[in-house]
>>> print(open('entry.cif').read())   # mmCIF, N, CA, C and O atoms
data_start
#
loop_
_atom_site.label_atom_id
_atom_site.label_comp_id
_atom_site.auth_asym_id
_atom_site.auth_seq_id
_atom_site.Cartn_x
_atom_site.Cartn_y
_atom_site.Cartn_z
N MET K 30 0.85 -1.17 0.00
CA MET K 30 0.00 0.00 0.00
C MET K 30 0.90 1.24 0.00
O MET K 30 1.90 1.28 0.69
N ARG K 31 0.49 2.23 -0.76
CA ARG K 31 1.28 3.46 -0.83
C ARG K 31 1.13 4.26 0.44
O ARG K 31 0.06 4.32 1.04
N ALA K 32 2.21 4.89 0.84
CA ALA K 32 2.25 5.62 2.11
C ALA K 32 1.29 6.81 2.12
O ALA K 32 0.65 7.08 3.14
N GLU K 33 1.15 7.49 1.00
CA GLU K 33 0.26 8.67 0.99
C GLU K 33 -1.21 8.27 1.13
O GLU K 33 -2.01 9.00 1.71
N ILE K 34 -1.57 7.12 0.61
CA ILE K 34 -2.95 6.63 0.76
C ILE K 34 -3.22 6.28 2.22
O ILE K 34 -4.26 6.61 2.78
N LEU K 35 -2.26 5.60 2.84
CA LEU K 35 -2.40 5.25 4.24
C LEU K 35 -2.46 6.50 5.11
O LEU K 35 -3.30 6.59 6.02
N LEU K 36 -1.61 7.47 4.83
CA LEU K 36 -1.63 8.73 5.59
C LEU K 36 -2.96 9.47 5.42
O LEU K 36 -3.52 9.99 6.38
N LEU K 37 -3.47 9.49 4.21
CA LEU K 37 -4.76 10.13 3.96
C LEU K 37 -5.88 9.43 4.71
O LEU K 37 -6.74 10.07 5.33
N ALA K 38 -5.89 8.09 4.69
CA ALA K 38 -6.92 7.34 5.41
C ALA K 38 -6.84 7.59 6.91
O ALA K 38 -7.87 7.75 7.58
N LEU K 39 -5.64 7.63 7.45
CA LEU K 39 -5.48 7.91 8.88
C LEU K 39 -5.92 9.33 9.24
O LEU K 39 -6.56 9.55 10.27
N ALA K 40 -5.59 10.30 8.39
CA ALA K 40 -6.00 11.68 8.66
C ALA K 40 -7.52 11.83 8.61
O ALA K 40 -8.12 12.48 9.48
N VAL K 41 -8.15 11.23 7.61
CA VAL K 41 -9.61 11.31 7.51
C VAL K 41 -10.27 10.59 8.68
O VAL K 41 -11.24 11.09 9.27
N GLY K 42 -9.73 9.44 9.07
CA GLY K 42 -10.27 8.72 10.22
C GLY K 42 -10.13 9.51 11.50
O GLY K 42 -11.07 9.57 12.32
N ALA K 43 -9.00 10.15 11.71
CA ALA K 43 -8.79 10.95 12.92
C ALA K 43 -9.72 12.15 12.96
O ALA K 43 -10.30 12.47 14.00
N CYS K 44 -9.88 12.81 11.83
CA CYS K 44 -10.78 13.97 11.79
C CYS K 44 -12.23 13.55 11.98
O CYS K 44 -12.99 14.24 12.65
N THR K 45 -12.63 12.43 11.40
CA THR K 45 -13.99 11.93 11.59
C THR K 45 -14.23 11.60 13.05
O THR K 45 -15.27 11.95 13.62
N TRP K 46 -13.27 10.92 13.67
CA TRP K 46 -13.39 10.59 15.08
C TRP K 46 -13.51 11.87 15.92
O TRP K 46 -14.40 11.98 16.77
N ALA K 47 -12.64 12.83 15.67
CA ALA K 47 -12.67 14.08 16.44
C ALA K 47 -13.98 14.83 16.23
O ALA K 47 -14.54 15.39 17.18
N PHE K 48 -14.47 14.82 15.00
CA PHE K 48 -15.71 15.54 14.70
C PHE K 48 -16.91 14.91 15.40
O PHE K 48 -17.87 15.59 15.74
N ARG K 49 -16.86 13.61 15.64
CA ARG K 49 -17.97 12.93 16.30
C ARG K 49 -17.83 12.94 17.82
O ARG K 49 -18.83 13.00 18.53
N VAL K 50 -16.62 12.84 18.33
CA VAL K 50 -16.42 12.69 19.76
C VAL K 50 -16.32 14.03 20.48
O VAL K 50 -16.91 14.20 21.56
N LEU K 51 -15.59 14.96 19.94
CA LEU K 51 -15.35 16.21 20.66
C LEU K 51 -16.61 16.99 21.01
O LEU K 51 -16.71 17.52 22.13
N PRO K 52 -17.62 17.09 20.14
CA PRO K 52 -18.84 17.79 20.56
C PRO K 52 -19.56 17.12 21.73
O PRO K 52 -20.23 17.78 22.52
N THR K 53 -19.42 15.81 21.86
CA THR K 53 -20.07 15.13 22.99
C THR K 53 -19.30 15.32 24.28
O THR K 53 -19.86 15.19 25.36
N ARG K 54 -18.02 15.60 24.19
CA ARG K 54 -17.18 15.80 25.37
C ARG K 54 -17.12 17.26 25.81
O ARG K 54 -16.80 17.53 26.96
N ALA K 55 -17.37 18.17 24.92
CA ALA K 55 -17.25 19.60 25.23
C ALA K 55 -18.46 20.08 26.03
O ALA K 55 -19.58 19.62 25.82
N ASP K 56 -18.22 21.01 26.94
CA ASP K 56 -19.30 21.62 27.71
C ASP K 56 -19.84 22.81 26.91
O ASP K 56 -19.22 23.88 26.87
N LEU K 57 -20.95 22.60 26.26
CA LEU K 57 -21.53 23.63 25.39
C LEU K 57 -22.64 24.42 26.07
O LEU K 57 -23.31 25.21 25.42
N SER K 58 -22.81 24.22 27.36
CA SER K 58 -23.91 24.89 28.06
C SER K 58 -23.70 26.39 28.16
O SER K 58 -24.67 27.14 28.32
N ALA K 59 -22.47 26.85 28.08
CA ALA K 59 -22.20 28.28 28.21
C ALA K 59 -22.35 29.04 26.88
O ALA K 59 -22.26 30.26 26.87
N LEU K 60 -22.59 28.31 25.80
CA LEU K 60 -22.74 28.98 24.50
C LEU K 60 -24.06 29.74 24.43
O LEU K 60 -25.09 29.25 24.90
N PRO K 61 -24.05 30.93 23.84
CA PRO K 61 -25.32 31.63 23.65
C PRO K 61 -26.20 30.89 22.65
O PRO K 61 -25.71 30.26 21.70
N GLN K 62 -27.51 30.94 22.86
CA GLN K 62 -28.45 30.17 22.03
C GLN K 62 -28.37 30.52 20.54
O GLN K 62 -28.44 29.66 19.71
N GLY K 63 -28.25 31.79 20.21
CA GLY K 63 -28.26 32.18 18.80
C GLY K 63 -26.88 32.46 18.25
O GLY K 63 -26.75 33.06 17.19
N GLY K 64 -25.84 32.03 18.95
CA GLY K 64 -24.47 32.31 18.51
C GLY K 64 -24.10 31.53 17.27
O GLY K 64 -24.74 30.56 16.87
N TRP K 65 -22.99 31.94 16.66
CA TRP K 65 -22.58 31.31 15.41
C TRP K 65 -22.16 29.86 15.63
O TRP K 65 -22.41 29.02 14.77
N LEU K 66 -21.54 29.55 16.76
CA LEU K 66 -21.13 28.17 17.01
C LEU K 66 -22.33 27.27 17.24
O LEU K 66 -22.36 26.13 16.76
N SER K 67 -23.32 27.76 17.94
CA SER K 67 -24.55 26.98 18.15
C SER K 67 -25.25 26.68 16.83
O SER K 67 -25.69 25.56 16.58
N ARG K 68 -25.34 27.67 15.98
CA ARG K 68 -25.98 27.47 14.67
C ARG K 68 -25.17 26.51 13.81
O ARG K 68 -25.73 25.67 13.10
N PHE K 69 -23.83 26.62 13.88
CA PHE K 69 -22.97 25.71 13.11
C PHE K 69 -23.16 24.28 13.56
O PHE K 69 -23.32 23.37 12.74
N LEU K 70 -23.15 24.06 14.86
CA LEU K 70 -23.31 22.70 15.37
C LEU K 70 -24.70 22.14 15.07
O LEU K 70 -24.85 20.95 14.81
N ALA K 71 -25.72 23.00 15.08
CA ALA K 71 -27.07 22.54 14.77
C ALA K 71 -27.22 22.18 13.29
O ALA K 71 -28.01 21.31 12.94
N ALA K 72 -26.46 22.84 12.44
CA ALA K 72 -26.57 22.59 11.00
C ALA K 72 -25.67 21.45 10.53
O ALA K 72 -25.85 20.93 9.43
N THR K 73 -24.74 21.03 11.35
CA THR K 73 -23.78 20.01 10.95
C THR K 73 -24.44 18.66 10.71
O THR K 73 -24.12 17.97 9.75
N GLY K 74 -25.37 18.27 11.57
CA GLY K 74 -26.03 16.98 11.42
C GLY K 74 -26.77 16.83 10.11
O GLY K 74 -26.51 15.88 9.35
N PRO K 75 -27.70 17.73 9.79
CA PRO K 75 -28.39 17.62 8.50
C PRO K 75 -27.45 17.71 7.30
O PRO K 75 -27.65 17.02 6.30
N ALA K 76 -26.40 18.53 7.40
CA ALA K 76 -25.46 18.64 6.29
C ALA K 76 -24.70 17.33 6.09
O ALA K 76 -24.48 16.89 4.96
N ALA K 77 -24.33 16.69 7.18
CA ALA K 77 -23.62 15.40 7.08
C ALA K 77 -24.53 14.33 6.49
O ALA K 77 -24.10 13.53 5.65
N ILE K 78 -25.78 14.31 6.90
CA ILE K 78 -26.73 13.33 6.37
C ILE K 78 -26.95 13.55 4.88
O ILE K 78 -26.96 12.60 4.09
N ALA K 79 -27.10 14.80 4.47
CA ALA K 79 -27.29 15.09 3.05
C ALA K 79 -26.07 14.69 2.23
O ALA K 79 -26.20 14.14 1.13
N THR K 80 -24.89 14.93 2.77
CA THR K 80 -23.66 14.56 2.06
C THR K 80 -23.55 13.05 1.92
O THR K 80 -23.23 12.54 0.84
N LEU K 81 -23.80 12.32 3.00
CA LEU K 81 -23.73 10.87 2.93
C LEU K 81 -24.78 10.29 1.99
O LEU K 81 -24.51 9.35 1.24
N PHE K 82 -25.97 10.87 2.01
CA PHE K 82 -27.02 10.41 1.11
C PHE K 82 -26.62 10.62 -0.35
O PHE K 82 -26.76 9.73 -1.19
N THR K 83 -26.10 11.80 -0.66
CA THR K 83 -25.70 12.09 -2.03
C THR K 83 -24.56 11.18 -2.47
O THR K 83 -24.59 10.65 -3.59
N ALA K 84 -23.59 10.98 -1.61
CA ALA K 84 -22.45 10.13 -1.97
C ALA K 84 -22.88 8.68 -2.19
O ALA K 84 -22.32 7.99 -3.05
N SER K 85 -23.85 8.21 -1.44
CA SER K 85 -24.27 6.82 -1.61
C SER K 85 -25.30 6.66 -2.73
O SER K 85 -25.39 5.60 -3.34
N ALA K 86 -26.09 7.68 -3.00
CA ALA K 86 -27.13 7.56 -4.02
C ALA K 86 -26.64 7.87 -5.43
O ALA K 86 -27.20 7.36 -6.40
N LEU K 87 -25.61 8.66 -5.55
CA LEU K 87 -25.14 9.07 -6.88
C LEU K 87 -24.76 7.89 -7.77
O LEU K 87 -25.18 7.85 -8.94
N PRO K 88 -24.01 6.90 -7.29
CA PRO K 88 -23.71 5.76 -8.18
C PRO K 88 -24.96 5.00 -8.61
O PRO K 88 -25.02 4.49 -9.73
N MET K 89 -25.97 4.92 -7.75
CA MET K 89 -27.20 4.21 -8.12
C MET K 89 -27.97 4.97 -9.19
O MET K 89 -28.55 4.36 -10.08
N VAL K 90 -27.99 6.28 -9.09
CA VAL K 90 -28.71 7.09 -10.06
C VAL K 90 -28.01 7.05 -11.41
O VAL K 90 -28.66 6.99 -12.45
N GLN K 91 -26.69 7.06 -11.41
CA GLN K 91 -25.94 7.04 -12.66
C GLN K 91 -25.99 5.68 -13.34
O GLN K 91 -25.81 5.58 -14.54
N GLY K 92 -26.28 4.61 -12.58
CA GLY K 92 -26.26 3.27 -13.13
C GLY K 92 -27.52 2.86 -13.86
O GLY K 92 -27.56 1.81 -14.46
N GLY K 93 -28.57 3.62 -13.80
CA GLY K 93 -29.81 3.23 -14.47
C GLY K 93 -31.01 3.58 -13.62
O GLY K 93 -30.99 4.53 -12.85
N ALA K 94 -32.08 2.79 -13.77
CA ALA K 94 -33.33 3.05 -13.05
C ALA K 94 -33.18 2.68 -11.58
O ALA K 94 -33.09 1.51 -11.23
N PRO K 95 -33.17 3.65 -10.70
CA PRO K 95 -32.95 3.39 -9.28
C PRO K 95 -34.25 3.13 -8.52
O PRO K 95 -34.62 3.86 -7.61
N VAL K 96 -34.97 2.08 -8.90
CA VAL K 96 -36.26 1.79 -8.28
C VAL K 96 -36.12 1.51 -6.78
O VAL K 96 -36.87 2.07 -5.98
N PRO K 97 -35.16 0.67 -6.35
CA PRO K 97 -35.02 0.46 -4.90
C PRO K 97 -34.69 1.75 -4.15
O PRO K 97 -35.19 1.98 -3.06
N LEU K 98 -33.84 2.57 -4.76
CA LEU K 98 -33.50 3.85 -4.13
C LEU K 98 -34.72 4.74 -3.98
O LEU K 98 -34.96 5.32 -2.91
N MET K 99 -35.52 4.83 -5.03
CA MET K 99 -36.72 5.66 -4.97
C MET K 99 -37.71 5.12 -3.94
O MET K 99 -38.36 5.90 -3.24
N ALA K 100 -37.83 3.81 -3.85
CA ALA K 100 -38.73 3.21 -2.86
C ALA K 100 -38.26 3.52 -1.45
O ALA K 100 -39.07 3.86 -0.57
N GLY K 101 -36.96 3.41 -1.20
CA GLY K 101 -36.43 3.72 0.12
C GLY K 101 -36.59 5.17 0.50
O GLY K 101 -37.01 5.49 1.63
N VAL K 102 -36.31 6.06 -0.43
CA VAL K 102 -36.46 7.50 -0.16
C VAL K 102 -37.93 7.84 0.09
O VAL K 102 -38.26 8.60 1.00
N ALA K 103 -38.81 7.28 -0.72
CA ALA K 103 -40.24 7.56 -0.53
C ALA K 103 -40.72 7.07 0.83
O ALA K 103 -41.49 7.76 1.51
N ALA K 104 -40.25 5.90 1.24
CA ALA K 104 -40.65 5.38 2.55
C ALA K 104 -40.12 6.25 3.68
O ALA K 104 -40.84 6.53 4.65
N VAL K 105 -38.89 6.69 3.58
CA VAL K 105 -38.31 7.56 4.60
C VAL K 105 -39.12 8.85 4.71
O VAL K 105 -39.49 9.29 5.81
N LEU K 106 -39.37 9.48 3.58
CA LEU K 106 -40.11 10.75 3.60
C LEU K 106 -41.53 10.57 4.12
O LEU K 106 -42.03 11.41 4.89
N ALA K 107 -42.18 9.50 3.72
CA ALA K 107 -43.56 9.27 4.15
C ALA K 107 -43.64 9.02 5.65
O ALA K 107 -44.45 9.64 6.36
N VAL K 108 -42.79 8.13 6.15
CA VAL K 108 -42.86 7.79 7.58
C VAL K 108 -42.42 8.97 8.43
O VAL K 108 -43.04 9.28 9.45
N PHE K 109 -41.37 9.67 8.01
CA PHE K 109 -40.94 10.82 8.80
C PHE K 109 -41.99 11.93 8.76
O PHE K 109 -42.23 12.60 9.75
N GLY K 110 -42.61 12.13 7.61
CA GLY K 110 -43.65 13.15 7.51
C GLY K 110 -44.86 12.84 8.38
O GLY K 110 -45.48 13.76 8.93
N LEU K 111 -45.18 11.58 8.54
CA LEU K 111 -46.34 11.20 9.35
C LEU K 111 -46.03 11.13 10.85
O LEU K 111 -46.86 11.51 11.66
N THR K 112 -44.85 10.64 11.20
CA THR K 112 -44.57 10.36 12.61
C THR K 112 -43.49 11.24 13.23
O THR K 112 -43.38 11.28 14.45
N ARG K 113 -42.68 11.89 12.43
CA ARG K 113 -41.54 12.67 12.90
C ARG K 113 -40.55 11.79 13.69
O ARG K 113 -39.85 12.26 14.56
N SER K 114 -40.50 10.52 13.36
CA SER K 114 -39.60 9.58 14.02
C SER K 114 -38.46 9.24 13.08
O SER K 114 -38.67 8.66 12.01
N VAL K 115 -37.24 9.60 13.47
CA VAL K 115 -36.08 9.30 12.66
C VAL K 115 -35.83 7.80 12.62
O VAL K 115 -35.51 7.24 11.57
N VAL K 116 -36.02 7.14 13.75
CA VAL K 116 -35.80 5.70 13.81
C VAL K 116 -36.80 4.97 12.92
O VAL K 116 -36.43 4.10 12.12
N GLY K 117 -38.06 5.31 13.04
CA GLY K 117 -39.08 4.67 12.21
C GLY K 117 -38.85 4.93 10.73
O GLY K 117 -39.01 4.03 9.90
N ALA K 118 -38.47 6.16 10.39
CA ALA K 118 -38.22 6.49 8.99
C ALA K 118 -37.02 5.71 8.45
O ALA K 118 -37.05 5.21 7.32
N THR K 119 -35.98 5.57 9.26
CA THR K 119 -34.81 4.81 8.84
C THR K 119 -35.14 3.35 8.62
O THR K 119 -34.75 2.74 7.61
N LEU K 120 -35.88 2.77 9.54
CA LEU K 120 -36.27 1.37 9.40
C LEU K 120 -37.19 1.16 8.20
O LEU K 120 -37.05 0.17 7.47
N ALA K 121 -38.13 2.07 8.01
CA ALA K 121 -39.04 1.95 6.87
C ALA K 121 -38.28 2.08 5.55
O ALA K 121 -38.55 1.34 4.59
N GLY K 122 -37.35 3.01 5.48
CA GLY K 122 -36.55 3.17 4.26
C GLY K 122 -35.72 1.94 3.96
O GLY K 122 -35.63 1.50 2.81
N SER K 123 -35.10 1.37 5.00
CA SER K 123 -34.31 0.16 4.80
C SER K 123 -35.18 -1.00 4.34
O SER K 123 -34.81 -1.76 3.44
N ALA K 124 -36.33 -1.14 4.96
CA ALA K 124 -37.23 -2.23 4.59
C ALA K 124 -37.75 -2.06 3.16
O ALA K 124 -37.81 -3.03 2.39
N ALA K 125 -38.13 -0.85 2.79
CA ALA K 125 -38.63 -0.60 1.44
C ALA K 125 -37.55 -0.84 0.40
O ALA K 125 -37.80 -1.43 -0.66
N TYR K 126 -36.33 -0.40 0.69
CA TYR K 126 -35.22 -0.62 -0.24
C TYR K 126 -34.98 -2.12 -0.41
O TYR K 126 -34.84 -2.62 -1.53
N ALA K 127 -34.92 -2.84 0.71
CA ALA K 127 -34.66 -4.29 0.65
C ALA K 127 -35.77 -5.02 -0.10
O ALA K 127 -35.49 -5.92 -0.90
N LEU K 128 -37.00 -4.64 0.15
CA LEU K 128 -38.12 -5.29 -0.52
C LEU K 128 -38.09 -5.03 -2.03
O LEU K 128 -38.25 -5.97 -2.83
N ALA K 129 -37.86 -3.79 -2.42
CA ALA K 129 -37.78 -3.46 -3.84
C ALA K 129 -36.61 -4.16 -4.50
O ALA K 129 -36.71 -4.67 -5.62
N PHE K 130 -35.48 -4.23 -3.81
CA PHE K 130 -34.32 -4.92 -4.34
C PHE K 130 -34.58 -6.40 -4.51
O PHE K 130 -34.20 -7.01 -5.52
N ALA K 131 -35.24 -7.01 -3.52
CA ALA K 131 -35.54 -8.45 -3.59
C ALA K 131 -36.53 -8.76 -4.70
O ALA K 131 -36.41 -9.78 -5.39
N VAL K 132 -37.50 -7.90 -4.90
CA VAL K 132 -38.50 -8.14 -5.94
C VAL K 132 -37.88 -8.00 -7.32
O VAL K 132 -38.18 -8.77 -8.24
N LEU K 133 -37.00 -7.02 -7.50
CA LEU K 133 -36.41 -6.78 -8.81
C LEU K 133 -35.24 -7.71 -9.13
O LEU K 133 -34.87 -7.84 -10.29
N ALA K 134 -34.65 -8.31 -8.12
CA ALA K 134 -33.45 -9.16 -8.37
C ALA K 134 -33.83 -10.57 -8.78
O ALA K 134 -34.83 -11.09 -8.70
#
>>> encode(input="entry.cif", output="structure tokens")
Amino acid sequence: MRAEILLLALAVGACTWAFRVLPTRADLSALPQGGWLSRFLAATGPAAIATLFTASALPMVQGGAPVPLMAGVAAVLAVFGLTRSVVGATLAGSAAYALAFAVLA
């Protein structure tokens, strides 16, 4: 394995770990409610989810008809819209994707 690839993987892993762990360890109670850091931290979660979704969905969309992907997204949006439950929406999306994939395969 090339050294620069290993170094890059280690750097990305360390930054990912720090980005996930440090906010849980930091005492953020003294931050003002409408401050720039509070808004940044509140926006980080949805931005990360959107980035991960785009990175994982893009190859499926470029490969042809993404029926399982569309089924999973529709299930997530429908369940979250009805219940406001992230857990339920995630489970419904996974189940819909798996079912569509199994039917089409």
>>> resolve_selection(input="entry.cif", expression="the PyMOL selection byres (((chain K and resi 118 and name CA) around 10) and name CA)", output="list in words")
Gly101, Val102, Ala103, Ala104, Val105, Leu106, Ala107, Val108, Phe109, Gly110, Leu111, Thr112, Arg113, Ser114, Val115, Val116, Gly117, Thr119, Leu120, Ala121, Gly122, Ser123 and Ala124 of chain K
>>> write_last_selection(input="entry.cif", atoms="N, CA, C and O atoms", output="PDB file, keeping the file's coordinate frame")
ATOM      1  N   GLY K 101     -36.960   3.410  -1.200  1.00  0.00           N
ATOM      2  CA  GLY K 101     -36.430   3.720   0.120  1.00  0.00           C
ATOM      3  C   GLY K 101     -36.590   5.170   0.500  1.00  0.00           C
ATOM      4  O   GLY K 101     -37.010   5.490   1.630  1.00  0.00           O
ATOM      5  N   VAL K 102     -36.310   6.060  -0.430  1.00  0.00           N
ATOM      6  CA  VAL K 102     -36.460   7.500  -0.160  1.00  0.00           C
ATOM      7  C   VAL K 102     -37.930   7.840   0.090  1.00  0.00           C
ATOM      8  O   VAL K 102     -38.260   8.600   1.000  1.00  0.00           O
ATOM      9  N   ALA K 103     -38.810   7.280  -0.720  1.00  0.00           N
ATOM     10  CA  ALA K 103     -40.240   7.560  -0.530  1.00  0.00           C
ATOM     11  C   ALA K 103     -40.720   7.070   0.830  1.00  0.00           C
ATOM     12  O   ALA K 103     -41.490   7.760   1.510  1.00  0.00           O
ATOM     13  N   ALA K 104     -40.250   5.900   1.240  1.00  0.00           N
ATOM     14  CA  ALA K 104     -40.650   5.380   2.550  1.00  0.00           C
ATOM     15  C   ALA K 104     -40.120   6.250   3.680  1.00  0.00           C
ATOM     16  O   ALA K 104     -40.840   6.530   4.650  1.00  0.00           O
ATOM     17  N   VAL K 105     -38.890   6.690   3.580  1.00  0.00           N
ATOM     18  CA  VAL K 105     -38.310   7.560   4.600  1.00  0.00           C
ATOM     19  C   VAL K 105     -39.120   8.850   4.710  1.00  0.00           C
ATOM     20  O   VAL K 105     -39.490   9.290   5.810  1.00  0.00           O
ATOM     21  N   LEU K 106     -39.370   9.480   3.580  1.00  0.00           N
ATOM     22  CA  LEU K 106     -40.110  10.750   3.600  1.00  0.00           C
ATOM     23  C   LEU K 106     -41.530  10.570   4.120  1.00  0.00           C
ATOM     24  O   LEU K 106     -42.030  11.410   4.890  1.00  0.00           O
ATOM     25  N   ALA K 107     -42.180   9.500   3.720  1.00  0.00           N
ATOM     26  CA  ALA K 107     -43.560   9.270   4.150  1.00  0.00           C
ATOM     27  C   ALA K 107     -43.640   9.020   5.650  1.00  0.00           C
ATOM     28  O   ALA K 107     -44.450   9.640   6.360  1.00  0.00           O
ATOM     29  N   VAL K 108     -42.790   8.130   6.150  1.00  0.00           N
ATOM     30  CA  VAL K 108     -42.860   7.790   7.580  1.00  0.00           C
ATOM     31  C   VAL K 108     -42.420   8.970   8.430  1.00  0.00           C
ATOM     32  O   VAL K 108     -43.040   9.280   9.450  1.00  0.00           O
ATOM     33  N   PHE K 109     -41.370   9.670   8.010  1.00  0.00           N
ATOM     34  CA  PHE K 109     -40.940  10.820   8.800  1.00  0.00           C
ATOM     35  C   PHE K 109     -41.990  11.930   8.760  1.00  0.00           C
ATOM     36  O   PHE K 109     -42.230  12.600   9.750  1.00  0.00           O
ATOM     37  N   GLY K 110     -42.610  12.130   7.610  1.00  0.00           N
ATOM     38  CA  GLY K 110     -43.650  13.150   7.510  1.00  0.00           C
ATOM     39  C   GLY K 110     -44.860  12.840   8.380  1.00  0.00           C
ATOM     40  O   GLY K 110     -45.480  13.760   8.930  1.00  0.00           O
ATOM     41  N   LEU K 111     -45.180  11.580   8.540  1.00  0.00           N
ATOM     42  CA  LEU K 111     -46.340  11.200   9.350  1.00  0.00           C
ATOM     43  C   LEU K 111     -46.030  11.130  10.850  1.00  0.00           C
ATOM     44  O   LEU K 111     -46.860  11.510  11.660  1.00  0.00           O
ATOM     45  N   THR K 112     -44.850  10.640  11.200  1.00  0.00           N
ATOM     46  CA  THR K 112     -44.570  10.360  12.610  1.00  0.00           C
ATOM     47  C   THR K 112     -43.490  11.240  13.230  1.00  0.00           C
ATOM     48  O   THR K 112     -43.380  11.280  14.450  1.00  0.00           O
ATOM     49  N   ARG K 113     -42.680  11.890  12.430  1.00  0.00           N
ATOM     50  CA  ARG K 113     -41.540  12.670  12.900  1.00  0.00           C
ATOM     51  C   ARG K 113     -40.550  11.790  13.690  1.00  0.00           C
ATOM     52  O   ARG K 113     -39.850  12.260  14.560  1.00  0.00           O
ATOM     53  N   SER K 114     -40.500  10.520  13.360  1.00  0.00           N
ATOM     54  CA  SER K 114     -39.600   9.580  14.020  1.00  0.00           C
ATOM     55  C   SER K 114     -38.460   9.240  13.080  1.00  0.00           C
ATOM     56  O   SER K 114     -38.670   8.660  12.010  1.00  0.00           O
ATOM     57  N   VAL K 115     -37.240   9.600  13.470  1.00  0.00           N
ATOM     58  CA  VAL K 115     -36.080   9.300  12.660  1.00  0.00           C
ATOM     59  C   VAL K 115     -35.830   7.800  12.620  1.00  0.00           C
ATOM     60  O   VAL K 115     -35.510   7.240  11.570  1.00  0.00           O
ATOM     61  N   VAL K 116     -36.020   7.140  13.750  1.00  0.00           N
ATOM     62  CA  VAL K 116     -35.800   5.700  13.810  1.00  0.00           C
ATOM     63  C   VAL K 116     -36.800   4.970  12.920  1.00  0.00           C
ATOM     64  O   VAL K 116     -36.430   4.100  12.120  1.00  0.00           O
ATOM     65  N   GLY K 117     -38.060   5.310  13.040  1.00  0.00           N
ATOM     66  CA  GLY K 117     -39.080   4.670  12.210  1.00  0.00           C
ATOM     67  C   GLY K 117     -38.850   4.930  10.730  1.00  0.00           C
ATOM     68  O   GLY K 117     -39.010   4.030   9.900  1.00  0.00           O
ATOM     69  N   THR K 119     -35.980   5.570   9.260  1.00  0.00           N
ATOM     70  CA  THR K 119     -34.810   4.810   8.840  1.00  0.00           C
ATOM     71  C   THR K 119     -35.140   3.350   8.620  1.00  0.00           C
ATOM     72  O   THR K 119     -34.750   2.740   7.610  1.00  0.00           O
ATOM     73  N   LEU K 120     -35.880   2.770   9.540  1.00  0.00           N
ATOM     74  CA  LEU K 120     -36.270   1.370   9.400  1.00  0.00           C
ATOM     75  C   LEU K 120     -37.190   1.160   8.200  1.00  0.00           C
ATOM     76  O   LEU K 120     -37.050   0.170   7.470  1.00  0.00           O
ATOM     77  N   ALA K 121     -38.130   2.070   8.010  1.00  0.00           N
ATOM     78  CA  ALA K 121     -39.040   1.950   6.870  1.00  0.00           C
ATOM     79  C   ALA K 121     -38.280   2.080   5.550  1.00  0.00           C
ATOM     80  O   ALA K 121     -38.550   1.340   4.590  1.00  0.00           O
ATOM     81  N   GLY K 122     -37.350   3.010   5.480  1.00  0.00           N
ATOM     82  CA  GLY K 122     -36.550   3.170   4.260  1.00  0.00           C
ATOM     83  C   GLY K 122     -35.720   1.940   3.960  1.00  0.00           C
ATOM     84  O   GLY K 122     -35.630   1.500   2.810  1.00  0.00           O
ATOM     85  N   SER K 123     -35.100   1.370   5.000  1.00  0.00           N
ATOM     86  CA  SER K 123     -34.310   0.160   4.800  1.00  0.00           C
ATOM     87  C   SER K 123     -35.180  -1.000   4.340  1.00  0.00           C
ATOM     88  O   SER K 123     -34.810  -1.760   3.440  1.00  0.00           O
ATOM     89  N   ALA K 124     -36.330  -1.140   4.960  1.00  0.00           N
ATOM     90  CA  ALA K 124     -37.230  -2.230   4.590  1.00  0.00           C
ATOM     91  C   ALA K 124     -37.750  -2.060   3.160  1.00  0.00           C
ATOM     92  O   ALA K 124     -37.810  -3.030   2.390  1.00  0.00           O
TER      93      ALA K 124
END
>>> closest_residue(input="entry.cif", among="K:Trp65, K:Phe48, K:Met89, K:Ala43", to="K:Ala77", atoms="only C-alpha atoms")
K:Phe48
>>> select_by_dssp(input="entry.cif", residues="chain K", states="alpha helix (DSSP H)", output="VMD selection string")
chain K and resid 32 to 54 65 to 91 96 to 112 115 to 133
>>> atom_distance(input="entry.cif", atom1="atom CA of K:Leu37", atom2="atom CA of K:Gly74")
23.6 Å
>>> atom_distance(input="entry.cif", atom1="atom C of K:Arg49", atom2="atom O of K:Ile34")
21.2 Å
>>> closest_residue(input="entry.cif", among="K:Leu66, K:Ala125, K:Leu36, K:Val41", to="K:Pro97", atoms="only C-alpha atoms")
K:Ala125
>>> atom_distance(input="entry.cif", atom1="atom CA of K:Tyr126", atom2="atom CA of K:Trp46")
28.9 Å
>>> decode(input="entry.cif", residues="stretch 55-61 of chain K", atoms="N, CA and C atoms", output="mmCIF file, in the first residue's frame")
data_model
loop_
_atom_site.group_PDB
_atom_site.id
_atom_site.type_symbol
_atom_site.label_atom_id
_atom_site.label_comp_id
_atom_site.auth_asym_id
_atom_site.auth_seq_id
_atom_site.Cartn_x
_atom_site.Cartn_y
_atom_site.Cartn_z
ATOM 1 N N ALA K 55 -17.370 18.175 24.919
ATOM 2 C CA ALA K 55 -17.249 19.601 25.229
ATOM 3 C C ALA K 55 -18.457 20.081 26.027
ATOM 4 N N ASP K 56 -18.222 21.013 26.938
ATOM 5 C CA ASP K 56 -19.302 21.621 27.707
ATOM 6 C C ASP K 56 -19.837 22.809 26.908
ATOM 7 N N LEU K 57 -20.952 22.602 26.260
ATOM 8 C CA LEU K 57 -21.527 23.631 25.389
ATOM 9 C C LEU K 57 -22.639 24.419 26.068
ATOM 10 N N SER K 58 -22.814 24.216 27.356
ATOM 11 C CA SER K 58 -23.906 24.888 28.056
ATOM 12 C C SER K 58 -23.701 26.392 28.164
ATOM 13 N N ALA K 59 -22.468 26.851 28.075
ATOM 14 C CA ALA K 59 -22.198 28.280 28.207
ATOM 15 C C ALA K 59 -22.351 29.035 26.881
ATOM 16 N N LEU K 60 -22.592 28.311 25.801
ATOM 17 C CA LEU K 60 -22.743 28.978 24.499
ATOM 18 C C LEU K 60 -24.058 29.738 24.431
ATOM 19 N N PRO K 61 -24.052 30.929 23.844
ATOM 20 C CA PRO K 61 -25.323 31.630 23.647
ATOM 21 C C PRO K 61 -26.203 30.888 22.649
#
